[in-house]
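Colleague: So I've got this file, model-v1.pdb, and it contains PDB, C-alpha atoms:
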MODEL        1
ATOM      1  CA  MET A   1       0.000   0.000   0.000
ATOM      2  CA  LYS A   2       1.262   3.489  -0.855
ATOM      3  CA  ILE A   3       1.777   6.166   1.771
ATOM      4  CA  CYS A   4      -0.914   8.344   0.182
ATOM      5  CA  GLU A   5      -3.455   5.537   0.618
ATOM      6  CA  VAL A   6      -2.384   4.827   4.200
ATOM      7  CA  LEU A   7      -2.721   8.483   5.187
ATOM      8  CA  LYS A   8      -6.099   8.867   3.515
ATOM      9  CA  ASN A   9      -7.429   5.623   5.011
ATOM     10  CA  ALA A  10      -6.208   6.667   8.456
ATOM     11  CA  ARG A  11      -7.922  10.062   8.174
ATOM     12  CA  VAL A  12     -11.166   8.559   6.913
ATOM     13  CA  SER A  13     -11.178   5.850   9.594
ATOM     14  CA  LYS A  14     -10.856   8.565  12.252
ATOM     15  CA  GLU A  15     -13.737  10.394  10.556
ATOM     16  CA  LEU A  16     -11.705  13.576  10.164
ATOM     17  CA  SER A  17     -12.169  16.058   7.346
ATOM     18  CA  LEU A  18      -9.304  17.650   5.463
ATOM     19  CA  ARG A  19     -10.138  20.965   7.123
ATOM     20  CA  GLN A  20     -10.021  19.351  10.568
ATOM     21  CA  ILE A  21      -6.535  18.052   9.790
ATOM     22  CA  GLU A  22      -5.528  21.516   8.579
ATOM     23  CA  THR A  23      -6.748  22.945  11.913
ATOM     24  CA  ARG A  24      -4.867  20.325  13.915
ATOM     25  CA  LEU A  25      -1.678  21.035  11.971
ATOM     26  CA  LYS A  26      -2.127  24.776  12.604
ATOM     27  CA  GLY A  27      -2.452  23.945  16.294
ATOM     28  CA  ARG A  28       1.005  22.425  16.005
ATOM     29  CA  GLY A  29       2.392  25.552  14.363
ATOM     30  CA  MET A  30       2.236  24.251  10.787
ATOM     31  CA  ASN A  31       0.548  26.285   8.093
ATOM     32  CA  TYR A  32      -0.345  23.382   5.800
ATOM     33  CA  THR A  33      -3.629  23.741   3.906
ATOM     34  CA  HIS A  34      -6.370  21.175   3.424
ATOM     35  CA  THR A  35      -5.664  21.307  -0.328
ATOM     36  CA  ASN A  36      -2.045  20.289   0.293
ATOM     37  CA  ILE A  37      -3.223  17.439   2.508
ATOM     38  CA  LYS A  38      -5.558  16.347  -0.309
ATOM     39  CA  ARG A  39      -2.633  16.432  -2.740
ATOM     40  CA  ILE A  40      -0.625  14.194  -0.422
ATOM     41  CA  GLU A  41      -3.527  11.744  -0.250
ATOM     42  CA  ASP A  42      -3.863  11.831  -4.041
ATOM     43  CA  GLY A  43      -0.153  11.057  -4.444
ATOM     44  CA  GLU A  44       0.604  14.373  -6.152
ATOM     45  CA  PHE A  45       3.554  15.350  -3.926
ATOM     46  CA  GLU A  46       6.863  13.568  -4.360
ATOM     47  CA  LYS A  47       8.314  15.220  -1.250
ATOM     48  CA  VAL A  48       6.356  15.854   1.916
ATOM     49  CA  PRO A  49       8.009  17.817   4.726
ATOM     50  CA  VAL A  50       9.235  15.496   7.464
ATOM     51  CA  ILE A  51       7.532  17.526  10.163
ATOM     52  CA  VAL A  52       4.193  17.166   8.335
ATOM     53  CA  LEU A  53       4.627  13.389   8.022
ATOM     54  CA  SER A  54       5.536  13.245  11.691
ATOM     55  CA  ALA A  55       2.500  15.312  12.716
ATOM     56  CA  LEU A  56       0.112  13.318  10.531
ATOM     57  CA  SER A  57       1.507  10.113  12.043
ATOM     58  CA  GLU A  58       0.752  11.452  15.517
ATOM     59  CA  ILE A  59      -2.739  12.672  14.587
ATOM     60  CA  TYR A  60      -3.600   9.313  12.991
ATOM     61  CA  ASN A  61      -1.781   7.235  15.650
ATOM     62  CA  LEU A  62       0.498   5.673  13.037
ATOM     63  CA  ASP A  63       4.057   4.484  13.609
ATOM     64  CA  LYS A  64       6.263   7.357  12.417
ATOM     65  CA  ILE A  65       9.057   5.090  11.280
ATOM     66  CA  GLU A  66       6.716   2.962   9.199
ATOM     67  CA  VAL A  67       5.316   6.124   7.623
ATOM     68  CA  PHE A  68       8.835   7.410   6.904
ATOM     69  CA  ASN A  69       9.775   4.041   5.415
ATOM     70  CA  MET A  70       6.690   4.152   3.181
ATOM     71  CA  ALA A  71       7.881   7.599   2.095
ATOM     72  CA  GLY A  72      11.193   6.029   1.085
ATOM     73  CA  ALA A  73      13.422   6.551   4.121
ATOM     74  CA  ASN A  74      14.335   2.843   4.429
ATOM     75  CA  LEU A  75      15.199   2.996   8.133
ATOM     76  CA  SER A  76      16.638  -0.105   9.725
ATOM     77  CA  PRO A  77      15.197  -1.486  13.011
ATOM     78  CA  MET A  78      18.213  -0.117  14.923
ATOM     79  CA  LYS A  79      17.717   3.335  13.459
ATOM     80  CA  LYS A  80      13.998   3.030  14.125
ATOM     81  CA  LYS A  81      14.421   3.126  17.893
ATOM     82  CA  GLU A  82      16.902   6.003  17.758
ATOM     83  CA  LEU A  83      14.700   7.991  15.409
ATOM     84  CA  ASN A  84      11.611   7.473  17.580
ATOM     85  CA  VAL A  85      13.485   8.937  20.553
ATOM     86  CA  PHE A  86      14.737  11.805  18.407
ATOM     87  CA  LEU A  87      11.284  12.559  16.961
ATOM     88  CA  ASN A  88       9.688  12.591  20.400
ATOM     89  CA  GLU A  89      12.319  15.032  21.629
ATOM     90  CA  ALA A  90      12.009  17.126  18.446
ATOM     91  CA  SER A  91       8.255  17.367  18.957
ATOM     92  CA  SER A  92       8.885  18.856  22.390
ATOM     93  CA  PHE A  93      11.276  21.335  20.791
ATOM     94  CA  PHE A  94       8.607  22.601  18.386
ATOM     95  CA  TYR A  95       6.032  23.069  21.169
ATOM     96  CA  ASP A  96       8.471  24.982  23.396
ATOM     97  CA  GLU A  97       7.310  28.603  23.415
ATOM     98  CA  THR A  98      10.669  29.806  24.753
ATOM     99  CA  ILE A  99      12.421  28.822  21.510
ATOM    100  CA  ASP A 100      12.474  31.426  18.761
ATOM    101  CA  GLU A 101      10.427  30.613  15.642
ATOM    102  CA  ASP A 102      13.458  31.309  13.412
ATOM    103  CA  ASP A 103      15.469  28.704  15.325
ATOM    104  CA  LYS A 104      12.638  26.198  14.913
ATOM    105  CA  LEU A 105      12.591  26.883  11.183
ATOM    106  CA  LYS A 106      16.383  26.478  10.894
ATOM    107  CA  PHE A 107      16.197  23.166  12.737
ATOM    108  CA  LEU A 108      13.345  21.969  10.536
ATOM    109  CA  MET A 109      15.140  22.890   7.314
ATOM    110  CA  GLY A 110      18.317  21.131   8.443
ATOM    111  CA  PHE A 111      16.437  18.015   9.469
ATOM    112  CA  GLN A 112      14.510  17.974   6.219
ATOM    113  CA  GLU A 113      17.722  18.239   4.194
ATOM    114  CA  ILE A 114      19.225  15.305   6.097
ATOM    115  CA  TYR A 115      16.040  13.268   5.595
ATOM    116  CA  PHE A 116      15.912  13.802   1.838
ATOM    117  CA  LYS A 117      19.646  13.126   1.427
ATOM    118  CA  ALA A 118      19.235   9.860   3.341
ATOM    119  CA  LYS A 119      16.210   8.991   1.226
ATOM    120  CA  PHE A 120      18.172   9.656  -1.983
ATOM    121  CA  PHE A 121      21.210   7.623  -0.907
ATOM    122  CA  ASN A 122      19.078   4.701   0.278
ATOM    123  CA  LYS A 123      17.584   4.443  -3.233
ATOM    124  CA  ASN A 124      21.012   4.202  -4.886
TER     125      ASN A 124
ENDMDL
END
Is it possible to express this structure as C-alpha cells?
Modeller:
Amino acid sequence: MKICEVLKNARVSKELSLRQIETRLKGRGMNYTHTNIKRIEDGEFEKVPVIVLSALSEIYNLDKIEVFNMAGANLSPMKKKELNVFLNEASSFFYDETIDEDDKLKFLMGFQEIYFKAKFFNKN
C-alpha cells in the first residue's frame, strides 16, 4: 500500500475532514492547507516535509518510522528506535514557546535536508 493511501485511510477511519486536519496542523504551528493534505492523499507530492509526516503520524496514531519508510526513508530497526526517541524530543522542541520561531525553522530545514539526502542515498 502506498503512503498516500495509508494516510487517507487513516484520516477517513478517524472520521476527520481535510479541514479538521488543517486545523490540527495549525495547532502544532504548521501552516499546511487542506488542499495540500488532499494532494498528499492523491499522491501528487513527491516530497512531503518530514515535520508534516511526523505530525500526521501522531494525529492518525500511526508508527512514524513505518510512515517514513513508506515515504522512502528505508530505516533499519536499529535506526527506528533512535529515530523514535529523536522525533519525540524534536516534537517537544517545536512546542516549546521559549524557543524562537526562526530557530525552529532552521532546525526543521536542516532536518529535512538530512532526511531527503538519506532517502536519496538509500535508493542508490
Colleague: Using atom CA of Lys64 of chain A and atom CA of Val6 of chain A as the two end points, give the distance in Å to one decimal.
Modeller: 12.2 Å
Colleague: Report, as AutoDock Vina command-line options, the axis-aligned box around all atoms of segment 11-22 of chain A present in the file, extended by 3 Å on each side; give centre and edge lengths in Å to one decimal place.
Modeller:
--center_x -9.6 --center_y 13.7 --center_z 8.9 --size_x 14.2 --size_y 21.7 --size_z 12.8
Colleague: Any chance you could work out the residue set of the PyMOL selection byres ((chain A and resi 33) around 9) here, as JSON, numbers by chain?
Modeller: {"A": [18, 19, 21, 22, 23, 25, 26, 31, 32, 34, 35, 36, 37, 38]}
Colleague: Could you please determine the separation between atom CA of Ala71 of chain A and atom CA of Lys2 of chain A in Å, to one decimal place?
Modeller: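 A separation of 8.3 Å between them.
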Colleague: The PyMOL selection byres ((chain A and resi 60) around 8) on the file shown: which residues, as JSON, numbers by chain?
Modeller: {"A": [7, 10, 11, 14, 56, 57, 58, 59, 61, 62]}
Colleague: What separation in Å, quoted to one decimal, exists between atom CA of Gly29 of chain A and atom CA of Asn9 of chain A?
Modeller: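 For atom CA of Gly29 of chain A relative to atom CA of Asn9 of chain A, the distance reads 24.1 Å.
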Colleague: Which of these, A:Glu41, A:Val67, A:Arg24, A:Ser92, has the shortest distance to Val12 of chain A once you count only C-alpha atoms?
Modeller: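 Result for the nearest residue to Val12 of chain A: A:Glu41.
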Colleague: Please determine, counting only C-alpha atoms, which residue among A:Thr98, A:Lys104, A:Glu82, A:Ile3 has the shortest atom-to-atom distance to Val48 of chain A.
Modeller: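 Going through A:Thr98, A:Lys104, A:Glu82, A:Ile3 one by one, the smallest distance to Val48 of chain A is for A:Ile3.
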